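Listing of upload_16.cif, mmCIF, C-alpha atoms and all ligand atoms
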```cif
data_entry
#
loop_
_atom_site.label_atom_id
_atom_site.label_comp_id
_atom_site.auth_asym_id
_atom_site.auth_seq_id
_atom_site.Cartn_x
_atom_site.Cartn_y
_atom_site.Cartn_z
CA MET A 1 69.11 40.68 -40.62
CA LEU A 2 70.31 39.23 -43.93
CA ASP A 3 69.14 40.93 -47.10
CA ASP A 4 66.76 39.09 -49.44
CA ALA A 5 69.45 38.42 -52.05
CA THR A 6 71.65 36.63 -49.48
CA CYS A 7 68.69 34.57 -48.19
CA HIS A 8 67.90 33.49 -51.75
CA ALA A 9 71.54 32.66 -52.49
CA LEU A 10 71.72 30.44 -49.37
CA ALA A 11 68.43 28.75 -50.31
CA ARG A 12 69.80 28.05 -53.80
CA GLU A 13 72.98 26.58 -52.36
CA LEU A 14 71.01 24.20 -50.13
CA ASP A 15 68.67 23.27 -52.97
CA GLU A 16 71.59 22.48 -55.28
CA ALA A 17 73.20 20.36 -52.54
CA ARG A 18 69.94 18.43 -52.18
CA ARG A 19 69.50 17.85 -55.89
CA ALA A 20 73.14 16.93 -56.56
CA ARG A 21 73.36 14.92 -53.29
CA ARG A 22 76.53 16.86 -52.54
CA PRO A 23 76.79 17.98 -48.89
CA ILE A 24 77.99 21.48 -48.03
CA GLN A 25 79.60 23.22 -45.09
CA SER A 26 77.03 24.52 -42.59
CA LEU A 27 75.86 28.09 -43.19
CA THR A 28 76.72 29.60 -39.81
CA GLN A 29 80.37 28.68 -40.29
CA ARG A 30 80.38 31.21 -43.11
CA ASN A 31 77.55 33.56 -42.08
CA ALA A 32 78.06 33.99 -38.35
CA ASN A 33 75.12 36.40 -38.09
CA LEU A 34 72.51 34.08 -39.63
CA ASP A 35 69.83 34.12 -36.92
CA LEU A 36 66.67 32.08 -36.50
CA VAL A 37 64.42 34.62 -38.22
CA ASP A 38 66.75 34.68 -41.24
CA ALA A 39 66.90 30.88 -41.18
CA TYR A 40 63.11 30.61 -41.58
CA ARG A 41 63.35 33.11 -44.48
CA VAL A 42 65.99 30.89 -46.13
CA MET A 43 63.76 27.82 -45.55
CA ARG A 44 60.76 29.55 -47.16
CA ALA A 45 62.89 30.71 -50.10
CA GLY A 46 63.96 27.07 -50.52
CA ILE A 47 60.33 25.91 -50.53
CA GLY A 48 59.66 28.61 -53.13
CA LEU A 49 62.33 27.03 -55.33
CA ARG A 50 60.74 23.60 -54.95
CA VAL A 51 57.29 24.98 -55.80
CA ALA A 52 58.84 26.60 -58.89
CA GLN A 53 60.14 23.11 -59.78
CA GLY A 54 56.55 21.82 -59.71
CA GLU A 55 56.22 20.56 -56.11
CA ALA A 56 53.08 21.22 -54.04
CA VAL A 57 53.23 22.12 -50.35
CA CYS A 58 51.15 19.65 -48.31
CA GLY A 59 51.93 20.45 -44.69
CA TYR A 60 54.41 20.97 -41.89
CA LYS A 61 56.79 18.98 -39.74
CA MET A 62 57.82 19.72 -36.20
CA GLY A 63 61.33 18.97 -34.97
CA PHE A 64 63.03 18.54 -31.60
CA THR A 65 59.77 17.91 -29.77
CA SER A 66 61.16 14.91 -27.86
CA GLN A 67 64.02 14.41 -25.43
CA ALA A 68 65.32 11.53 -27.59
CA LYS A 69 65.80 13.87 -30.55
CA ARG A 70 67.13 16.80 -28.54
CA GLU A 71 69.77 14.54 -27.01
CA GLN A 72 70.68 12.91 -30.33
CA MET A 73 71.19 16.23 -32.13
CA LYS A 74 72.24 18.35 -29.12
CA LEU A 75 69.74 21.04 -30.09
CA HIS A 76 66.98 21.93 -27.72
CA ASP A 77 64.22 24.11 -29.14
CA PRO A 78 61.20 23.03 -31.17
CA ILE A 79 61.41 24.06 -34.83
CA TYR A 80 59.30 23.50 -37.91
CA GLY A 81 59.79 22.78 -41.60
CA MET A 82 57.50 22.38 -44.59
CA LEU A 83 56.43 19.25 -46.49
CA THR A 84 55.64 18.76 -50.16
CA GLU A 85 53.80 15.93 -51.92
CA HIS A 86 57.04 15.07 -53.67
CA MET A 87 58.45 13.89 -50.30
CA ARG A 88 55.81 11.18 -49.89
CA VAL A 89 57.08 7.58 -49.94
CA GLU A 90 54.83 4.59 -50.62
CA ASP A 91 56.23 1.07 -50.23
CA VAL A 92 59.65 1.79 -51.73
CA PHE A 93 62.27 4.39 -50.77
CA ARG A 94 65.18 5.09 -53.10
CA VAL A 95 68.20 5.60 -50.86
CA SER A 96 70.21 7.06 -53.74
CA ARG A 97 67.94 10.14 -53.69
CA CYS A 98 69.58 11.19 -50.42
CA ILE A 99 73.00 11.99 -48.97
CA HIS A 100 72.77 10.23 -45.59
CA PRO A 101 69.14 9.30 -44.89
CA ARG A 102 67.80 8.36 -41.46
CA ALA A 103 64.36 7.22 -40.30
CA GLU A 104 62.44 8.15 -37.15
CA ALA A 105 59.06 7.30 -35.63
CA GLU A 106 56.33 9.94 -35.56
CA ILE A 107 52.60 10.49 -35.14
CA ALA A 108 51.02 12.32 -38.09
CA PHE A 109 47.79 14.30 -38.36
CA ILE A 110 45.61 15.68 -41.11
CA VAL A 111 43.92 18.87 -40.01
CA GLY A 112 40.30 19.17 -41.06
CA ARG A 113 40.03 22.94 -40.99
CA GLU A 114 42.23 25.96 -41.41
CA ILE A 115 44.17 27.19 -38.35
CA ARG A 116 44.90 30.93 -38.49
CA GLU A 117 45.48 31.69 -34.83
CA PRO A 118 47.24 30.10 -31.89
CA VAL A 119 45.10 27.20 -30.63
CA ASP A 120 45.07 25.54 -27.22
CA ARG A 121 45.20 21.77 -26.76
CA GLU A 122 41.43 21.29 -26.94
CA GLU A 123 41.05 23.43 -30.07
CA ALA A 124 44.02 21.70 -31.70
CA LEU A 125 42.45 18.29 -31.03
CA SER A 126 39.15 19.44 -32.51
CA CYS A 127 41.00 20.50 -35.69
CA ILE A 128 42.53 17.02 -36.20
CA ALA A 129 40.50 15.04 -38.74
CA SER A 130 42.70 11.93 -38.78
CA VAL A 131 45.70 10.34 -37.13
CA PHE A 132 48.38 8.14 -38.73
CA ALA A 133 51.56 6.30 -37.85
CA GLY A 134 54.29 8.24 -39.66
CA ILE A 135 57.93 7.58 -40.49
CA GLU A 136 59.98 10.64 -41.29
CA ILE A 137 63.05 10.14 -43.47
CA LEU A 138 65.54 12.87 -42.66
CA ASP A 139 68.51 13.94 -44.70
CA SER A 140 70.87 16.80 -43.99
CA ARG A 141 72.45 18.82 -46.73
CA TYR A 142 75.39 19.44 -44.38
CA ARG A 143 78.52 17.33 -44.29
CA ASP A 144 78.43 14.40 -41.88
CA PHE A 145 74.86 15.33 -40.83
CA LYS A 146 76.36 17.94 -38.48
CA LEU A 147 73.78 20.63 -37.82
CA PHE A 148 75.95 22.93 -35.66
CA SER A 149 73.18 25.33 -34.72
CA LEU A 150 69.43 25.80 -34.82
CA PRO A 151 69.59 28.37 -37.68
CA ASP A 152 71.55 25.86 -39.80
CA VAL A 153 68.95 23.12 -39.43
CA VAL A 154 65.99 25.48 -39.85
CA ALA A 155 67.48 26.92 -43.06
CA ASP A 156 67.84 23.33 -44.31
CA ASN A 157 64.07 22.81 -43.85
CA SER A 158 64.68 20.94 -40.59
CA SER A 159 66.48 18.13 -42.43
CA SER A 160 63.24 17.03 -44.05
CA SER A 161 63.58 14.71 -46.98
CA HIS A 162 60.73 12.20 -47.24
CA PHE A 163 57.86 10.80 -45.18
CA ALA A 164 55.55 7.79 -45.16
CA ILE A 165 52.21 7.54 -43.36
CA SER A 166 49.90 4.59 -42.79
CA GLU A 167 47.28 3.97 -45.44
CA ASP A 168 44.27 3.91 -43.14
CA ALA A 169 43.17 7.15 -41.54
CA ARG A 170 41.85 6.90 -38.01
CA ALA A 171 39.68 9.58 -36.38
CA PRO A 172 41.13 10.86 -33.09
CA GLY A 173 37.97 10.03 -31.07
CA GLY A 174 38.63 7.21 -28.62
CA LEU A 175 42.42 7.36 -28.95
CA ASP A 176 44.42 8.33 -25.89
CA MET A 177 46.94 10.40 -27.81
CA THR A 178 49.49 10.34 -24.99
CA ARG A 179 49.54 6.58 -24.57
CA LEU A 180 50.14 5.15 -28.01
CA ARG A 181 52.93 2.54 -27.98
CA MET A 182 55.29 3.08 -30.88
CA ARG A 183 57.71 0.42 -32.16
CA LEU A 184 60.11 1.16 -34.99
CA LEU A 185 61.36 -2.05 -36.62
CA PHE A 186 64.27 -2.55 -38.99
CA ASP A 187 64.07 -5.92 -40.78
CA GLY A 188 61.66 -7.15 -38.12
CA GLU A 189 63.86 -6.14 -35.17
CA VAL A 190 62.85 -3.38 -32.78
CA ARG A 191 65.30 -0.46 -33.02
CA GLY A 192 63.28 2.25 -31.33
CA GLU A 193 60.45 2.08 -28.84
CA ALA A 194 58.55 4.90 -27.16
CA GLU A 195 55.20 6.08 -25.91
CA SER A 196 53.57 8.92 -27.84
CA SER A 197 53.86 11.12 -24.74
CA ALA A 198 57.57 11.34 -25.65
CA ILE A 199 56.44 13.84 -28.31
CA SER A 200 55.84 17.22 -26.61
CA GLY A 201 54.28 15.37 -23.64
CA ASP A 202 51.36 14.84 -26.04
CA PRO A 203 51.69 14.97 -29.87
CA VAL A 204 48.65 17.29 -30.03
CA GLN A 205 50.84 19.85 -28.23
CA SER A 206 53.11 19.86 -31.28
CA LEU A 207 50.19 21.29 -33.26
CA VAL A 208 49.67 23.89 -30.52
CA GLN A 209 53.35 24.88 -30.77
CA LEU A 210 53.18 25.00 -34.57
CA SER A 211 50.11 27.28 -34.46
CA ASN A 212 52.03 29.65 -32.19
CA MET A 213 55.14 29.72 -34.36
CA LEU A 214 53.18 30.25 -37.58
CA CYS A 215 51.07 32.99 -36.05
CA ASP A 216 54.27 34.91 -35.19
CA GLU A 217 55.07 34.76 -38.90
CA LYS A 218 51.49 35.60 -39.96
CA GLN A 219 51.14 32.23 -41.72
CA GLU A 220 48.28 29.74 -41.46
CA ILE A 221 47.79 25.99 -41.60
CA ALA A 222 45.51 25.17 -44.54
CA ALA A 223 42.65 22.69 -44.17
CA GLY A 224 43.88 19.28 -45.32
CA SER A 225 47.49 19.89 -44.22
CA LEU A 226 49.58 16.97 -43.06
CA ILE A 227 51.42 17.55 -39.78
CA LEU A 228 54.34 15.46 -38.53
CA SER A 229 54.42 16.01 -34.78
CA GLY A 230 58.14 15.22 -34.32
CA ALA A 231 59.98 11.99 -33.63
CA ALA A 232 59.52 9.97 -30.46
CA THR A 233 62.72 7.99 -31.15
CA PRO A 234 66.19 8.96 -32.34
CA ALA A 235 66.74 8.73 -36.12
CA PHE A 236 68.52 5.62 -37.45
CA PRO A 237 70.59 5.42 -40.67
CA LEU A 238 69.00 3.76 -43.71
CA ALA A 239 70.75 1.47 -46.19
CA VAL A 240 69.76 -0.45 -49.31
CA GLY A 241 67.96 -3.69 -48.52
CA MET A 242 66.40 -2.62 -45.22
CA THR A 243 62.69 -2.84 -44.50
CA VAL A 244 61.47 -0.25 -42.02
CA LYS A 245 58.14 -0.51 -40.24
CA LEU A 246 56.39 1.52 -37.57
CA GLU A 247 53.70 -0.08 -35.43
CA VAL A 248 51.50 2.12 -33.25
CA THR A 249 48.74 0.75 -31.03
CA GLY A 250 45.32 1.68 -32.40
CA LEU A 251 46.68 2.82 -35.79
CA ALA A 252 47.44 1.02 -39.04
CA PRO A 253 51.19 0.32 -39.41
CA VAL A 254 53.38 1.96 -42.04
CA SER A 255 56.38 0.44 -43.77
CA PHE A 256 58.70 0.75 -46.77
CA ARG A 257 61.60 -1.07 -48.36
CA CYS A 258 64.90 0.67 -49.09
CA VAL A 259 66.22 0.16 -52.63
CA GLU A 260 69.23 1.58 -54.50
C1 LIG A 301 66.34 17.84 -37.43
C2 LIG A 301 64.89 17.46 -37.58
C3 LIG A 301 64.27 16.98 -36.29
C4 LIG A 301 62.31 15.64 -35.35
O1 LIG A 301 61.36 14.89 -35.59
O2 LIG A 301 62.69 15.90 -34.20
C5 LIG A 301 63.02 16.21 -36.51
C6 LIG A 301 67.29 16.67 -37.40
O3 LIG A 301 67.24 15.84 -36.51
O4 LIG A 301 68.13 16.61 -38.32
O5 LIG A 301 62.56 16.02 -37.60
MG MG A 302 61.10 14.34 -37.61
#
```

When written as structure tokens, how does the structure in this file appear?
Amino acid sequence: MLDDATCHALARELDEARRARRPIQSLTQRNANLDLVDAYRVMRAGIGLRVAQGEAVCGYKMGFTSQAKREQMKLHDPIYGMLTEHMRVEDVFRVSRCIHPRAEAEIAFIVGREIREPVDREEALSCIASVFAGIEILDSRYRDFKLFSLPDVVADNSSSSHFAISEDARAPGGLDMTRLRMRLLFDGEVRGEAESSAISGDPVQSLVQLSNMLCDEKQEIAAGSLILSGAATPAFPLAVGMTVKLEVTGLAPVSFRCVE
């Protein structure tokens, strides 16, 4: 186990890389014994730095919940990261705020009540107040977006950078959560297509998994939290001038324009 001072030093290094948009060498290349438990400590120390900079935590994101993502990144276990309000994108995304941004198609939830214990699928569904189409914008603080190992990506807050969700909330009642068609369009052309069952077999299961992971760490999900359930498609690079849109059957679409 790494000592607290080392965890904080690694969190500072990642935070400086993010703010300066200067990628660094992955942590496990220099700290071979950084394990997954340490990596979550580094991630939380990094969120602490962002809160100290005035950001407000607003939820969680799941990662590697689909085969498409596991294959793309060659990492195979579900992980989570934390979201802040500062990461929210509306209409316009400034590419220059990132090192090598990518976008991926997700289903997002707002939970209506606090979750303190592991929930099963039915309980998780009953906690979901609203459902949204969500685009996650990833960025890695590591050179060439090479994650190397699960502890590296977890320490880097699961590559989270920004997110956009549809404007209109939709209650989950009447939606077949496993059969939502998702189409990710770049400049009007379909780049990624999937059914929502690609996410954990059922995106609600991502919330089940999150409740289990957080319970192990004695953490809870606050009422009102936003949850990104993980991408159904691979992530695609973003560049200035692109318009990205996600259409999901039964939900309002979400889109943004990439500017300098
Ligand atoms: C890690 C984050 C994975 C997802 O939706 O699967 C993720 C990465 O791909 O860099 O956000
Ligand atoms: Mg994602």

| field | Best match for closeness to Val190 in chain A among A:Leu2, A:Ala20, A:Met43, A:Val244, counting only C-alpha atoms | value |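 Looking only at the distances to Val190 in chain A, the closest residue turns out to be A:Val244.
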
| field | Neighbour list for range 205-215 of chain A as JSON, numbers by chain, cut-off 9 Å, only C-alpha atoms, skip fewer than 2 positions in-chain | value | {"A": [60, 61, 62, 65, 78, 79, 80, 109, 115, 116, 117, 118, 119, 120, 121, 123, 124, 125, 199, 200, 201, 202, 203, 217, 218, 219, 220, 221, 227, 228, 229, 230]}

| request: For each of A:Tyr142, A:Phe186, A:Phe64, A:Phe163, take the minimum atom-to-atom distance to Gly241 in chain A, counting all atoms listed in the file, then give the residue where this is smallest. | output: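 With all atoms listed in the file as the atom set, the closest residue is A:Phe186.
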
| query | Neighbours of ligand MG 302 (chain A) within 6 Å, counting only C-alpha atoms and all ligand atoms, as a PyMOL selection string? | reply | chain A and resi 63+136+230-231

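With all atoms listed in the file as the atoms that count, the residue of A:Leu226, A:Ala105, A:Leu36, A:Val42 with the shortest distance to ligand LIG 301 (chain A) is A:Ala105.
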
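Straight-line separation from CA of Ile165 in chain A to CA of Val240 in chain A: 20.2 Å.
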
| Given only C-alpha atoms and all ligand atoms as the counted atoms, nearest of A:Glu189, A:Asp144, A:Glu167, A:Asp139 to ligand LIG 301 (chain A) |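 Answer, going by the shortest atom-to-atom distance: A:Asp139.
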
Check which residues of chain A sit at most 10 Å from ligand LIG 301 (chain A) using only C-alpha atoms and all ligand atoms, and return one row each with the closest pair of atoms and their distance in Å to one decimal, ordered by chain and rising number, as JSON lines.
```
{"residue": "A:Lys61", "atom": "CA", "partner": "A:LIG301", "partner_atom": "O5", "distance": 6.8}
{"residue": "A:Met62", "atom": "CA", "partner": "A:LIG301", "partner_atom": "O1", "distance": 6.0}
{"residue": "A:Gly63", "atom": "CA", "partner": "A:LIG301", "partner_atom": "O2", "distance": 3.4}
{"residue": "A:Phe64", "atom": "CA", "partner": "A:LIG301", "partner_atom": "O2", "distance": 3.7}
{"residue": "A:Thr65", "atom": "CA", "partner": "A:LIG301", "partner_atom": "O2", "distance": 5.7}
{"residue": "A:Ser66", "atom": "CA", "partner": "A:LIG301", "partner_atom": "O2", "distance": 6.6}
{"residue": "A:Gln67", "atom": "CA", "partner": "A:LIG301", "partner_atom": "O2", "distance": 9.0}
{"residue": "A:Ala68", "atom": "CA", "partner": "A:LIG301", "partner_atom": "O2", "distance": 8.3}
{"residue": "A:Lys69", "atom": "CA", "partner": "A:LIG301", "partner_atom": "O2", "distance": 5.2}
{"residue": "A:Arg70", "atom": "CA", "partner": "A:LIG301", "partner_atom": "O2", "distance": 7.2}
{"residue": "A:Glu71", "atom": "CA", "partner": "A:LIG301", "partner_atom": "O3", "distance": 9.9}
{"residue": "A:Gln72", "atom": "CA", "partner": "A:LIG301", "partner_atom": "O3", "distance": 7.7}
{"residue": "A:Met73", "atom": "CA", "partner": "A:LIG301", "partner_atom": "O3", "distance": 5.9}
{"residue": "A:Lys74", "atom": "CA", "partner": "A:LIG301", "partner_atom": "O3", "distance": 9.3}
{"residue": "A:Leu75", "atom": "CA", "partner": "A:LIG301", "partner_atom": "O3", "distance": 8.6}
{"residue": "A:His76", "atom": "CA", "partner": "A:LIG301", "partner_atom": "O2", "distance": 9.8}
{"residue": "A:Asp77", "atom": "CA", "partner": "A:LIG301", "partner_atom": "O2", "distance": 9.8}
{"residue": "A:Pro78", "atom": "CA", "partner": "A:LIG301", "partner_atom": "O2", "distance": 7.9}
{"residue": "A:Ile79", "atom": "CA", "partner": "A:LIG301", "partner_atom": "C3", "distance": 7.8}
{"residue": "A:Tyr80", "atom": "CA", "partner": "A:LIG301", "partner_atom": "O5", "distance": 8.2}
{"residue": "A:Gly81", "atom": "CA", "partner": "A:LIG301", "partner_atom": "O5", "distance": 8.3}
{"residue": "A:Pro101", "atom": "CA", "partner": "A:LIG301", "partner_atom": "O4", "distance": 9.9}
{"residue": "A:Arg102", "atom": "CA", "partner": "A:LIG301", "partner_atom": "O4", "distance": 8.8}
{"residue": "A:Ala103", "atom": "CA", "partner": "A:LIG301", "partner_atom": "O5", "distance": 9.4}
{"residue": "A:Glu104", "atom": "CA", "partner": "A:LIG301", "partner_atom": "O1", "distance": 7.0}
{"residue": "A:Ala105", "atom": "CA", "partner": "A:LIG301", "partner_atom": "O1", "distance": 7.9}
{"residue": "A:Glu106", "atom": "CA", "partner": "A:LIG301", "partner_atom": "O1", "distance": 7.1}
{"residue": "A:Ile107", "atom": "CA", "partner": "A:LIG301", "partner_atom": "O1", "distance": 9.8}
{"residue": "A:Ile135", "atom": "CA", "partner": "A:LIG301", "partner_atom": "O1", "distance": 9.4}
{"residue": "A:Glu136", "atom": "CA", "partner": "A:LIG301", "partner_atom": "O5", "distance": 7.0}
{"residue": "A:Ile137", "atom": "CA", "partner": "A:LIG301", "partner_atom": "O5", "distance": 8.3}
{"residue": "A:Leu138", "atom": "CA", "partner": "A:LIG301", "partner_atom": "O4", "distance": 6.3}
{"residue": "A:Asp139", "atom": "CA", "partner": "A:LIG301", "partner_atom": "O4", "distance": 6.9}
{"residue": "A:Ser140", "atom": "CA", "partner": "A:LIG301", "partner_atom": "O4", "distance": 6.3}
{"residue": "A:Arg141", "atom": "CA", "partner": "A:LIG301", "partner_atom": "O4", "distance": 9.7}
{"residue": "A:Tyr142", "atom": "CA", "partner": "A:LIG301", "partner_atom": "O4", "distance": 9.9}
{"residue": "A:Phe145", "atom": "CA", "partner": "A:LIG301", "partner_atom": "O4", "distance": 7.3}
{"residue": "A:Lys146", "atom": "CA", "partner": "A:LIG301", "partner_atom": "O4", "distance": 8.3}
{"residue": "A:Leu147", "atom": "CA", "partner": "A:LIG301", "partner_atom": "O4", "distance": 7.0}
{"residue": "A:Leu150", "atom": "CA", "partner": "A:LIG301", "partner_atom": "C1", "distance": 8.9}
{"residue": "A:Asp152", "atom": "CA", "partner": "A:LIG301", "partner_atom": "C1", "distance": 9.9}
{"residue": "A:Val153", "atom": "CA", "partner": "A:LIG301", "partner_atom": "C1", "distance": 6.2}
{"residue": "A:Val154", "atom": "CA", "partner": "A:LIG301", "partner_atom": "C1", "distance": 8.0}
{"residue": "A:Asp156", "atom": "CA", "partner": "A:LIG301", "partner_atom": "C1", "distance": 8.9}
{"residue": "A:Asn157", "atom": "CA", "partner": "A:LIG301", "partner_atom": "C2", "distance": 8.3}
{"residue": "A:Ser158", "atom": "CA", "partner": "A:LIG301", "partner_atom": "C2", "distance": 4.6}
{"residue": "A:Ser159", "atom": "CA", "partner": "A:LIG301", "partner_atom": "O4", "distance": 4.7}
{"residue": "A:Ser160", "atom": "CA", "partner": "A:LIG301", "partner_atom": "O5", "distance": 6.6}
{"residue": "A:Ser161", "atom": "CA", "partner": "A:LIG301", "partner_atom": "O5", "distance": 9.5}
{"residue": "A:Ile199", "atom": "CA", "partner": "A:LIG301", "partner_atom": "O2", "distance": 8.8}
{"residue": "A:Leu228", "atom": "CA", "partner": "A:LIG301", "partner_atom": "O1", "distance": 7.6}
{"residue": "A:Ser229", "atom": "CA", "partner": "A:LIG301", "partner_atom": "O1", "distance": 7.1}
{"residue": "A:Gly230", "atom": "CA", "partner": "A:LIG301", "partner_atom": "O1", "distance": 3.5}
{"residue": "A:Ala231", "atom": "CA", "partner": "A:LIG301", "partner_atom": "O1", "distance": 3.8}
{"residue": "A:Ala232", "atom": "CA", "partner": "A:LIG301", "partner_atom": "O1", "distance": 7.3}
{"residue": "A:Thr233", "atom": "CA", "partner": "A:LIG301", "partner_atom": "O1", "distance": 8.3}
{"residue": "A:Pro234", "atom": "CA", "partner": "A:LIG301", "partner_atom": "O2", "distance": 8.0}
{"residue": "A:Ala235", "atom": "CA", "partner": "A:LIG301", "partner_atom": "O3", "distance": 7.1}
```

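Considering the residues A:Gly46, A:Gly174, A:Pro237, A:Gly134 and counting all atoms listed in the file, Ser255 in chain A has its shortest atom-to-atom contact with A:Gly134.
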
| request: Quick one: pull the distance between CA of Glu122 in chain A and CA of Thr178 in chain A, Å, one decimal. | output: 13.7 Å

| request: Please indicate the distance in Å from CA of Cys58 in chain A to CA of Ile110 in chain A, rounded to one decimal place. | output: 9.9 Å

| task | Take the point (62.9, 28.1, -46.8) in the file's coordinates, draw a sphere of radius 10 Å around it, and report as an MDAnalysis selection string every protein, DNA or RNA residue with an atom inside or on it, counting all atoms listed in the file. | result | chainID A and resid 7:8 10:12 14:15 38:50 81:82 154:158

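Between Arg181 in chain A and the residues A:Phe132, A:Leu238, A:Asp91, A:Gly250, the shortest atom-to-atom distance, using only C-alpha atoms, involves A:Gly250.
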
| query | Counting all atoms listed in the file, what is within 12 Å of Arg94 in chain A, bar same-chain residues fewer than 3 positions away, as a VMD selection string? | reply | chain A and resid 87 to 91 97 to 101 137 161 to 162 238 to 243 256 to 260

Quick one: 6 Å padding each side, axis-aligned, all listed atoms of range 22-41 of chain A - centre and edge lengths in Å to one decimal, as JSON?
```
{"center_x": 71.7, "center_y": 26.6, "center_z": -44.5, "size_x": 29.3, "size_y": 31.5, "size_z": 28.0}
```

Rebuild range 193-208 of chain A so that it carries N, CA, C and O atoms, then output the result as a short mmCIF file (atom, residue, chain, number, x, y, z; two decimals), in the coordinates of the input.
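So selection14.cif came out as:
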```cif
data_model
loop_
_atom_site.label_atom_id
_atom_site.label_comp_id
_atom_site.auth_asym_id
_atom_site.auth_seq_id
_atom_site.Cartn_x
_atom_site.Cartn_y
_atom_site.Cartn_z
N GLU A 193 61.72 2.33 -29.50
CA GLU A 193 60.45 2.08 -28.84
C GLU A 193 60.14 3.29 -27.97
O GLU A 193 61.04 3.79 -27.29
N ALA A 194 58.90 3.73 -27.98
CA ALA A 194 58.55 4.90 -27.16
C ALA A 194 57.05 4.96 -26.99
O ALA A 194 56.29 4.27 -27.70
N GLU A 195 56.62 5.79 -26.04
CA GLU A 195 55.20 6.08 -25.91
C GLU A 195 55.00 7.44 -26.57
O GLU A 195 55.90 8.29 -26.56
N SER A 196 53.80 7.66 -27.12
CA SER A 196 53.57 8.92 -27.84
C SER A 196 53.74 10.15 -26.96
O SER A 196 53.98 11.25 -27.46
N SER A 197 53.64 9.98 -25.64
CA SER A 197 53.86 11.12 -24.74
C SER A 197 55.29 11.65 -24.83
O SER A 197 55.58 12.75 -24.38
N ALA A 198 56.19 10.85 -25.44
CA ALA A 198 57.57 11.34 -25.65
C ALA A 198 57.57 12.57 -26.55
O ALA A 198 58.50 13.38 -26.51
N ILE A 199 56.52 12.71 -27.37
CA ILE A 199 56.44 13.84 -28.31
C ILE A 199 55.70 15.00 -27.63
O ILE A 199 54.48 14.94 -27.44
N SER A 200 56.41 16.00 -27.23
CA SER A 200 55.84 17.22 -26.61
C SER A 200 54.97 16.93 -25.38
O SER A 200 54.09 17.72 -25.05
N GLY A 201 55.16 15.77 -24.75
CA GLY A 201 54.28 15.37 -23.64
C GLY A 201 52.96 14.82 -24.16
O GLY A 201 52.27 14.06 -23.48
N ASP A 202 52.61 15.20 -25.39
CA ASP A 202 51.36 14.84 -26.04
C ASP A 202 51.49 15.35 -27.48
O ASP A 202 51.69 16.56 -27.67
N PRO A 203 51.45 14.48 -28.49
CA PRO A 203 51.69 14.97 -29.87
C PRO A 203 50.75 16.10 -30.31
O PRO A 203 51.12 16.90 -31.16
N VAL A 204 49.56 16.18 -29.68
CA VAL A 204 48.65 17.29 -30.03
C VAL A 204 49.30 18.63 -29.67
O VAL A 204 49.07 19.65 -30.33
N GLN A 205 50.15 18.61 -28.63
CA GLN A 205 50.84 19.85 -28.23
C GLN A 205 51.78 20.35 -29.33
O GLN A 205 52.10 21.53 -29.39
N SER A 206 52.25 19.43 -30.17
CA SER A 206 53.11 19.86 -31.28
C SER A 206 52.33 20.77 -32.23
O SER A 206 52.87 21.72 -32.79
N LEU A 207 51.04 20.45 -32.40
CA LEU A 207 50.19 21.29 -33.26
C LEU A 207 49.95 22.65 -32.59
O LEU A 207 49.93 23.69 -33.26
N VAL A 208 49.81 22.63 -31.27
CA VAL A 208 49.67 23.89 -30.52
C VAL A 208 50.91 24.76 -30.75
O VAL A 208 50.82 25.95 -31.08
#
```
